[in-house]
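Written out below as structure tokens is the structure these notes cover.
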Amino acid sequence: MRYFIELSYKGTAYHGWQIQQNAPSVQGRIEQALSALLRTPVSITGAGRTDTGVHAAYYIAHFDTVTSIKDPNSFCYHLNALLPFDIAIRRVIPVSDQAHARFDAIEREYRYYICRNKNPFTRETTWQLYLDLDIEAMNQAAGALKDFDDFTSFAKLHSANKTNICHVSHALWEQHAEQLVFTIRADRFLRNMVRAIVGTLVDVGRGRISPEDFRQIIAQRDLALCSGSAPACGLFLSNISYPKEILNSNTIQ
């Protein structure tokens, strides 16, 4: 039997989703809890990697069991009891044996949060940047992301990507109270891509480069042209979409 796990986590204490040698990971913590609860070694497959310090408001992973889970709600409750405070399981959902958390995902969404004022309660979940930014110019530049599909300029070096092709369907900055929020959706993302985009768009907002400069950075496919990456703490994986026959509903934060 195969199950999808719907979860969220705060990534501050972890070296990303994927299991690392001699370093805590979200995947490792969940595998330990599942193995204890099911009393057999369990491995899980996630929808994708998140880097050190990056969070997930919505994440999907899958695992297999020999016997079915009779009460998924009770199972979810006991699994949460075995996990630390910064990992929360929302649902355990039976799916077909062919369903795959990573390969069946058709779109992913990230949100990046910038806090415009000093706030001790959001230091681990926002980039606290006390600068005036031209949001209109940043959105003008962000619009160019939908006109390209090769994002080599924002691809991490030596990351073993088979291709740097991604299709961005949405990219927008919005002001929410004291926070500036960037939402981006695409069929796939490269390692460090969103943080590199955000860092470069912030330079647009500061007037260091123009929206047309940003367009040229994408077009020239040269990582050396982009700005430094935004800090990991402000980045959240916020949604993953699947075909309805695999997962009927998604939760967007």
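Just remember, in the structure tokens the first chain shown is A, the second B, etc., residues are 1-based per chain, and ligands are 1-based in the order shown.
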Sorted by chain and rising residue number, which residues of segment 37-66 of chain A lie within 12 Å of segment 92-102 of chain A, and what are their closest atom pairs and distances in Å to one decimal, counting only C-alpha atoms, as JSON lines?
{"residue": "A:Ile44", "atom": "CA", "partner": "A:Ala101", "partner_atom": "CA", "distance": 9.6}
{"residue": "A:Thr45", "atom": "CA", "partner": "A:Ala101", "partner_atom": "CA", "distance": 6.7}
{"residue": "A:Gly46", "atom": "CA", "partner": "A:Ala101", "partner_atom": "CA", "distance": 5.9}
{"residue": "A:Ala47", "atom": "CA", "partner": "A:Arg102", "partner_atom": "CA", "distance": 3.9}
{"residue": "A:Gly48", "atom": "CA", "partner": "A:Arg102", "partner_atom": "CA", "distance": 6.0}
{"residue": "A:Arg49", "atom": "CA", "partner": "A:Arg102", "partner_atom": "CA", "distance": 9.7}
{"residue": "A:Tyr59", "atom": "CA", "partner": "A:Ala101", "partner_atom": "CA", "distance": 9.3}
{"residue": "A:Ile60", "atom": "CA", "partner": "A:Ala101", "partner_atom": "CA", "distance": 6.1}
{"residue": "A:Ala61", "atom": "CA", "partner": "A:Ala101", "partner_atom": "CA", "distance": 5.4}
{"residue": "A:His62", "atom": "CA", "partner": "A:Ala101", "partner_atom": "CA", "distance": 5.8}
{"residue": "A:Phe63", "atom": "CA", "partner": "A:Ala101", "partner_atom": "CA", "distance": 9.3}
{"residue": "A:Asp64", "atom": "CA", "partner": "A:Asp97", "partner_atom": "CA", "distance": 8.3}
{"residue": "A:Thr65", "atom": "CA", "partner": "A:Asp97", "partner_atom": "CA", "distance": 10.4}
{"residue": "A:Val66", "atom": "CA", "partner": "A:Asp97", "partner_atom": "CA", "distance": 11.6}
Handout entry: Which of segment 78-243 of chain A DSSP labels alpha helix (DSSP H), written as a PyMOL selection string
Key = chain A and resi 78-82+135-142+193-205+211-220
Keeping only N, CA and C atoms, write the selected residues to a file as a compact mmCIF listing (two decimals), in the first residue's frame.
# COMPACT_ATOMS: atom_id res chain seq x y z
N HIS A 78 -0.59 9.90 16.02
CA HIS A 78 0.53 9.24 16.69
C HIS A 78 1.86 9.58 16.01
N LEU A 79 1.83 9.78 14.70
CA LEU A 79 3.06 10.17 14.00
C LEU A 79 3.51 11.55 14.46
N ASN A 80 2.56 12.47 14.59
CA ASN A 80 2.90 13.81 15.09
C ASN A 80 3.49 13.76 16.49
N ALA A 81 3.00 12.84 17.31
CA ALA A 81 3.49 12.73 18.68
C ALA A 81 4.96 12.32 18.72
N LEU A 82 5.45 11.66 17.68
CA LEU A 82 6.83 11.20 17.62
C LEU A 82 7.77 12.21 16.95
N ILE A 135 8.51 48.53 -5.76
CA ILE A 135 7.78 47.29 -6.03
C ILE A 135 7.29 47.27 -7.48
N GLU A 136 6.92 48.42 -8.01
CA GLU A 136 6.46 48.47 -9.40
C GLU A 136 7.56 48.01 -10.35
N ALA A 137 8.78 48.49 -10.14
CA ALA A 137 9.90 48.08 -10.98
C ALA A 137 10.20 46.60 -10.80
N MET A 138 10.10 46.10 -9.57
CA MET A 138 10.35 44.68 -9.31
C MET A 138 9.33 43.81 -10.02
N ASN A 139 8.07 44.24 -10.05
CA ASN A 139 7.06 43.46 -10.76
C ASN A 139 7.22 43.56 -12.27
N GLN A 140 7.65 44.72 -12.75
CA GLN A 140 7.93 44.84 -14.18
C GLN A 140 9.02 43.85 -14.58
N ALA A 141 10.07 43.76 -13.77
CA ALA A 141 11.15 42.83 -14.05
C ALA A 141 10.68 41.38 -13.91
N ALA A 142 9.92 41.09 -12.86
CA ALA A 142 9.45 39.72 -12.62
C ALA A 142 8.60 39.21 -13.77
N MET A 193 17.33 28.50 -7.40
CA MET A 193 16.78 29.38 -8.44
C MET A 193 15.95 30.52 -7.85
N VAL A 194 15.04 30.21 -6.93
CA VAL A 194 14.15 31.25 -6.40
C VAL A 194 14.95 32.27 -5.60
N ARG A 195 15.88 31.82 -4.79
CA ARG A 195 16.67 32.75 -3.99
C ARG A 195 17.53 33.65 -4.87
N ALA A 196 18.07 33.11 -5.97
CA ALA A 196 18.86 33.93 -6.89
C ALA A 196 17.98 34.94 -7.61
N ILE A 197 16.77 34.54 -7.98
CA ILE A 197 15.83 35.47 -8.62
C ILE A 197 15.46 36.59 -7.65
N VAL A 198 15.13 36.22 -6.41
CA VAL A 198 14.74 37.23 -5.42
C VAL A 198 15.88 38.21 -5.18
N GLY A 199 17.09 37.71 -4.99
CA GLY A 199 18.22 38.59 -4.75
C GLY A 199 18.43 39.58 -5.88
N THR A 200 18.23 39.12 -7.12
CA THR A 200 18.41 39.99 -8.28
C THR A 200 17.25 40.98 -8.41
N LEU A 201 16.03 40.53 -8.11
CA LEU A 201 14.88 41.44 -8.16
C LEU A 201 14.97 42.52 -7.07
N VAL A 202 15.54 42.18 -5.93
CA VAL A 202 15.74 43.19 -4.90
C VAL A 202 16.70 44.27 -5.39
N ASP A 203 17.70 43.88 -6.17
CA ASP A 203 18.60 44.89 -6.75
C ASP A 203 17.86 45.78 -7.75
N VAL A 204 16.84 45.23 -8.42
CA VAL A 204 15.98 46.08 -9.25
C VAL A 204 15.25 47.08 -8.36
N GLY A 205 14.69 46.58 -7.26
CA GLY A 205 13.95 47.45 -6.34
C GLY A 205 14.81 48.52 -5.71
N PRO A 211 14.68 47.03 -14.87
CA PRO A 211 13.92 45.86 -15.35
C PRO A 211 14.46 45.31 -16.67
N GLU A 212 14.92 46.18 -17.55
CA GLU A 212 15.50 45.70 -18.81
C GLU A 212 16.82 44.97 -18.56
N ASP A 213 17.62 45.44 -17.59
CA ASP A 213 18.84 44.72 -17.21
C ASP A 213 18.50 43.32 -16.73
N PHE A 214 17.43 43.21 -15.94
CA PHE A 214 17.00 41.90 -15.43
C PHE A 214 16.65 40.97 -16.59
N ARG A 215 15.93 41.49 -17.57
CA ARG A 215 15.58 40.69 -18.74
C ARG A 215 16.85 40.20 -19.46
N GLN A 216 17.83 41.07 -19.58
CA GLN A 216 19.07 40.70 -20.26
C GLN A 216 19.86 39.66 -19.46
N ILE A 217 19.78 39.74 -18.14
CA ILE A 217 20.46 38.73 -17.30
C ILE A 217 19.90 37.34 -17.61
N ILE A 218 18.56 37.24 -17.72
CA ILE A 218 17.96 35.95 -18.06
C ILE A 218 18.41 35.51 -19.45
N ALA A 219 18.32 36.43 -20.41
CA ALA A 219 18.60 36.10 -21.81
C ALA A 219 20.04 35.63 -22.03
N GLN A 220 20.99 36.16 -21.24
CA GLN A 220 22.40 35.84 -21.49
C GLN A 220 22.85 34.52 -20.85
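Considering the residues A:Ser227, A:Ser241, A:Gln179, A:Ser25 and counting only C-alpha atoms, Asn117 of chain A has its shortest atom-to-atom contact with A:Gln179.
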Handout entry: Atom-to-atom span, atom CA of Leu7 of chain A and atom CA of Arg91 of chain A, Å
Key =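 Going from atom CA of Leu7 of chain A over to atom CA of Arg91 of chain A covers 7.1 Å.
Relative to atom CA of Glu124 of chain A, atom CA of Ala88 of chain A is found at 17.4 Å.
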Practice task
Identify which of the residues A:Tyr113, A:Phe236, A:Tyr14, A:Phe154 lies closest to Ala57 of chain A, counting only C-alpha atoms when measuring atom-to-atom distances.
Solution key: A:Phe236
Exercise for the section: Between atom CA of Ile87 of chain A and atom CA of Ser8 of chain A, measure the distance and give it in Å to one decimal. Expected result: 6.0 Å
Practice task
Would you mind writing down, as a PyMOL selection string, each residue of segment 70-168 of chain A that DSSP on the backbone assigns to strand (DSSP E)?
Solution key: chain A and resi 87-95+107-115+127-128+168
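When only C-alpha atoms are used to compute distances to Leu190 of chain A, the closest of the residues A:Ser35, A:Ser210, A:Thr122, A:Thr50 turns out to be A:Thr50.
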